[in-house]
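Accompanying notes for the structure given below.
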Amino acid sequence: MRIAIFGATGTVGRQVVEQALAAGHDVTALTRSAANVSVAPDQRLRIVEGDVLDPGAVERTVAGQDAVIVTLGAGRKGVVRAEGTRTVIEAMGRTGVKRLIVMSSLGVGDSRGNLDFLWKYVLFGVVLRQAYADHVRQEAYTQAADLDWTIVRPAAFTDDPATGRYQRDVAPDAQGLKLKIARADIAAFLLEQLTDTTYLRRTPGISN
């Protein structure tokens, strides 16, 4: 497939790019600088330099693609996830691309009950409050879009190797989760959504 990836230089985005290329997909990645792309050169990888808040750059990235994957992040900061995703959605509307897969976070929306005290009241409640609010807006933009969307809500990222053994579609009332998952497993799950419609217009949570 032809895939546009936004957030390709982030810790999960890099995994998505590498795994997509390994699976034989053609990848177009938007980045502010080509030098930030750390994967090995590949003839199936096209780099578009630009900002995710720039409609023109985003449209050049999206045009002609079969699907779009968004793994935008900005640490504790807000704005980029939501507004970048909105820019992507608008570009998809103009170019006729329909399949959108967005990485959000476990704890957003009806998955808030999955969080323990630390995550609910200290991390998302104080330390990562802006990032949490950004994900809330990001999901709202996505769910309102006339697209074939899936919002994936992973737990906290780890650098552990991929195992494929984690809970999928975590129930909103699920308790006792480890609240972590390998970046490589997140990337693999995001890529699965390219051909699997199980979670179409749904918000599956994934966690160990």
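Residues in the structure tokens are named by chain (A, B, ... in the order shown) and by number from 1 within that chain; ligands are numbered from 1 in the order shown.
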**Report entry** Contacts of stretch 180-197 of chain A at 10 Å (only C-alpha atoms; same-chain gap of 5+ positions) as number ranges by chain
**Finding:** A: 1, 3, 11-20, 23, 66-71, 99-103, 106, 148-168, 202, 206-208
**Q.** Distance in Å - atom CA of A:Ala40 versus atom CA of A:Arg60
**A.**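 Separation between atom CA of A:Ala40 and atom CA of A:Arg60: 22.6 Å.
Between atom CA of A:Gln143 and atom CA of A:Gln130 lies a distance of 20.1 Å.
Comparing the minimum interatomic distances between A:Thr31 and each of A:Gly73, A:Gly7, A:Pro204, A:Pro172, counting only C-alpha atoms, we find that A:Gly7 sits nearest.
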Separating atom CA of A:Pro55 from atom CA of A:Thr87, to the nearest tenth of an Å, is a gap of 6.1 Å
Check your understanding: Can you list, as an MDAnalysis selection string, every residue of chain A that DSSP puts in strand (DSSP E or B)?
Key -> chainID A and resid 2:6 26:31 45:49 67:70 99:103 148:154 156:158 167:168 180:182 205:207
Hey, can you spit out that residue selection with N, CA and C atoms as a tab-separated table (two decimals), in the first residue's frame?
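File written: part-v3.tsv
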chain	number	residue	atom	x	y	z
A	2	ARG	N	0.25	2.37	-0.32
A	2	ARG	CA	0.93	3.67	-0.26
A	2	ARG	C	0.45	4.37	1.00
A	3	ILE	N	1.39	4.65	1.90
A	3	ILE	CA	1.04	5.16	3.22
A	3	ILE	C	1.73	6.49	3.48
A	4	ALA	N	0.97	7.46	3.96
A	4	ALA	CA	1.54	8.71	4.44
A	4	ALA	C	1.66	8.61	5.96
A	5	ILE	N	2.81	9.01	6.48
A	5	ILE	CA	3.04	8.93	7.92
A	5	ILE	C	3.40	10.31	8.45
A	6	PHE	N	2.67	10.75	9.47
A	6	PHE	CA	2.94	12.02	10.13
A	6	PHE	C	3.42	11.71	11.55
A	26	ASP	N	4.90	1.34	0.31
A	26	ASP	CA	5.52	2.60	-0.11
A	26	ASP	C	5.15	3.65	0.92
A	27	VAL	N	6.15	4.34	1.45
A	27	VAL	CA	5.94	5.28	2.55
A	27	VAL	C	6.30	6.70	2.13
A	28	THR	N	5.41	7.65	2.43
A	28	THR	CA	5.71	9.07	2.29
A	28	THR	C	5.65	9.68	3.68
A	29	ALA	N	6.73	10.31	4.10
A	29	ALA	CA	6.81	10.85	5.45
A	29	ALA	C	7.06	12.35	5.41
A	30	LEU	N	6.30	13.07	6.21
A	30	LEU	CA	6.51	14.51	6.34
A	30	LEU	C	7.41	14.78	7.53
A	31	THR	N	8.42	15.61	7.33
A	31	THR	CA	9.32	16.00	8.40
A	31	THR	C	9.86	17.39	8.14
A	45	LEU	N	10.81	4.85	0.16
A	45	LEU	CA	10.59	5.91	1.15
A	45	LEU	C	10.75	7.28	0.49
A	46	ARG	N	9.70	8.07	0.54
A	46	ARG	CA	9.72	9.44	0.01
A	46	ARG	C	9.58	10.41	1.16
A	47	ILE	N	10.48	11.40	1.20
A	47	ILE	CA	10.46	12.39	2.26
A	47	ILE	C	9.92	13.71	1.72
A	48	VAL	N	8.96	14.28	2.44
A	48	VAL	CA	8.46	15.61	2.13
A	48	VAL	C	8.88	16.51	3.29
A	49	GLU	N	9.61	17.56	2.99
A	49	GLU	CA	10.03	18.49	4.04
A	49	GLU	C	8.95	19.56	4.23
A	67	ALA	N	-3.67	5.31	2.50
A	67	ALA	CA	-3.99	5.44	3.92
A	67	ALA	C	-3.03	6.42	4.57
A	68	VAL	N	-3.44	6.91	5.73
A	68	VAL	CA	-2.63	7.87	6.49
A	68	VAL	C	-2.52	7.37	7.93
A	69	ILE	N	-1.30	7.41	8.47
A	69	ILE	CA	-1.07	7.07	9.87
A	69	ILE	C	-0.50	8.30	10.58
A	70	VAL	N	-1.12	8.67	11.70
A	70	VAL	CA	-0.68	9.83	12.47
A	70	VAL	C	-0.13	9.37	13.81
A	99	ARG	N	-8.81	6.46	4.45
A	99	ARG	CA	-8.41	5.64	5.62
A	99	ARG	C	-7.44	6.40	6.51
A	100	LEU	N	-7.82	6.60	7.76
A	100	LEU	CA	-7.02	7.36	8.72
A	100	LEU	C	-6.84	6.55	10.00
A	101	ILE	N	-5.59	6.40	10.43
A	101	ILE	CA	-5.26	5.69	11.66
A	101	ILE	C	-4.49	6.66	12.55
A	102	VAL	N	-5.04	6.96	13.71
A	102	VAL	CA	-4.47	7.98	14.59
A	102	VAL	C	-4.05	7.35	15.91
A	103	MET	N	-2.84	7.65	16.36
A	103	MET	CA	-2.37	7.20	17.67
A	103	MET	C	-2.70	8.25	18.71
A	148	ASP	N	-12.78	7.01	7.16
A	148	ASP	CA	-12.74	5.66	7.73
A	148	ASP	C	-11.61	5.65	8.77
A	149	TRP	N	-11.91	6.13	9.96
A	149	TRP	CA	-10.88	6.33	10.96
A	149	TRP	C	-10.83	5.21	12.00
A	150	THR	N	-9.66	5.06	12.57
A	150	THR	CA	-9.46	4.23	13.76
A	150	THR	C	-8.53	5.02	14.68
A	151	ILE	N	-8.90	5.14	15.94
A	151	ILE	CA	-8.05	5.79	16.94
A	151	ILE	C	-7.48	4.70	17.83
A	152	VAL	N	-6.17	4.59	17.86
A	152	VAL	CA	-5.49	3.58	18.68
A	152	VAL	C	-4.98	4.25	19.96
A	153	ARG	N	-5.32	3.65	21.10
A	153	ARG	CA	-4.93	4.21	22.40
A	153	ARG	C	-3.93	3.30	23.10
A	154	PRO	N	-2.64	3.52	22.88
A	154	PRO	CA	-1.63	2.70	23.55
A	154	PRO	C	-1.35	3.19	24.97
A	156	ALA	N	1.66	3.52	28.10
A	156	ALA	CA	2.97	4.17	28.08
A	156	ALA	C	3.97	3.34	27.28
A	157	PHE	N	4.81	4.03	26.50
A	157	PHE	CA	5.75	3.37	25.60
A	157	PHE	C	6.95	2.82	26.37
A	158	THR	N	7.45	1.68	25.89
A	158	THR	CA	8.73	1.14	26.38
A	158	THR	C	9.60	0.79	25.18
A	167	GLN	N	-2.79	-6.91	25.48
A	167	GLN	CA	-4.25	-6.86	25.43
A	167	GLN	C	-4.70	-5.88	24.35
A	168	ARG	N	-5.63	-6.33	23.53
A	168	ARG	CA	-6.17	-5.51	22.46
A	168	ARG	C	-7.62	-5.16	22.78
A	180	LYS	N	1.74	-0.28	30.11
A	180	LYS	CA	2.91	-0.06	29.27
A	180	LYS	C	2.85	-1.02	28.09
A	181	ILE	N	3.57	-0.66	27.04
A	181	ILE	CA	3.60	-1.49	25.84
A	181	ILE	C	4.79	-1.06	25.00
A	182	ALA	N	5.41	-2.01	24.31
A	182	ALA	CA	6.59	-1.72	23.49
A	182	ALA	C	6.22	-0.88	22.28
A	205	GLY	N	-7.98	0.29	22.81
A	205	GLY	CA	-6.84	0.49	23.69
A	205	GLY	C	-5.95	-0.72	23.64
A	206	ILE	N	-4.64	-0.53	23.76
A	206	ILE	CA	-3.70	-1.66	23.78
A	206	ILE	C	-2.71	-1.46	24.94
A	207	SER	N	-2.47	-2.53	25.68
A	207	SER	CA	-1.60	-2.44	26.85
A	207	SER	C	-1.19	-3.82	27.31
- Message: Using only C-alpha atoms, which protein or nucleic acid residues come within 9 Å of A:Tyr141? Drop anything in the same chain fewer than 6 positions from it, and give the result as a PyMOL selection string.
- Response: chain A and resi 82-83+85-86+89
- Item | Among the residues A:Arg76, A:Gly176, A:Gly109, A:His25, the one that comes closest to A:Ala131 [using only C-alpha atoms] |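 Using only C-alpha atoms, the shortest distance to A:Ala131 belongs to A:Arg76.
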* **Residue set, chain A restricted to alpha helix (DSSP H), as an MDAnalysis selection string** => chainID A and resid 11:22 55:62 80:95 117 129:144 183:192
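In terms of minimum interatomic distance to A:Leu177, A:Leu115 ranks closest within A:Leu53, A:Val39, A:Leu115, A:Val79, counting only C-alpha atoms.
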- Just the residues within 10 Å of A:Asn36, please, counting only C-alpha atoms, with nothing from its chain fewer than 3 positions along; format it as JSON, numbers by chain. {"A": [8, 9, 10, 31, 32, 33, 39]}
**Q.** From A:Asp146, A:Asp42, A:Asp51, A:Asp134, residue lying nearest A:Arg81 [only C-alpha atoms]
**A.**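 Using only C-alpha atoms, A:Arg81 sits closest to A:Asp134.
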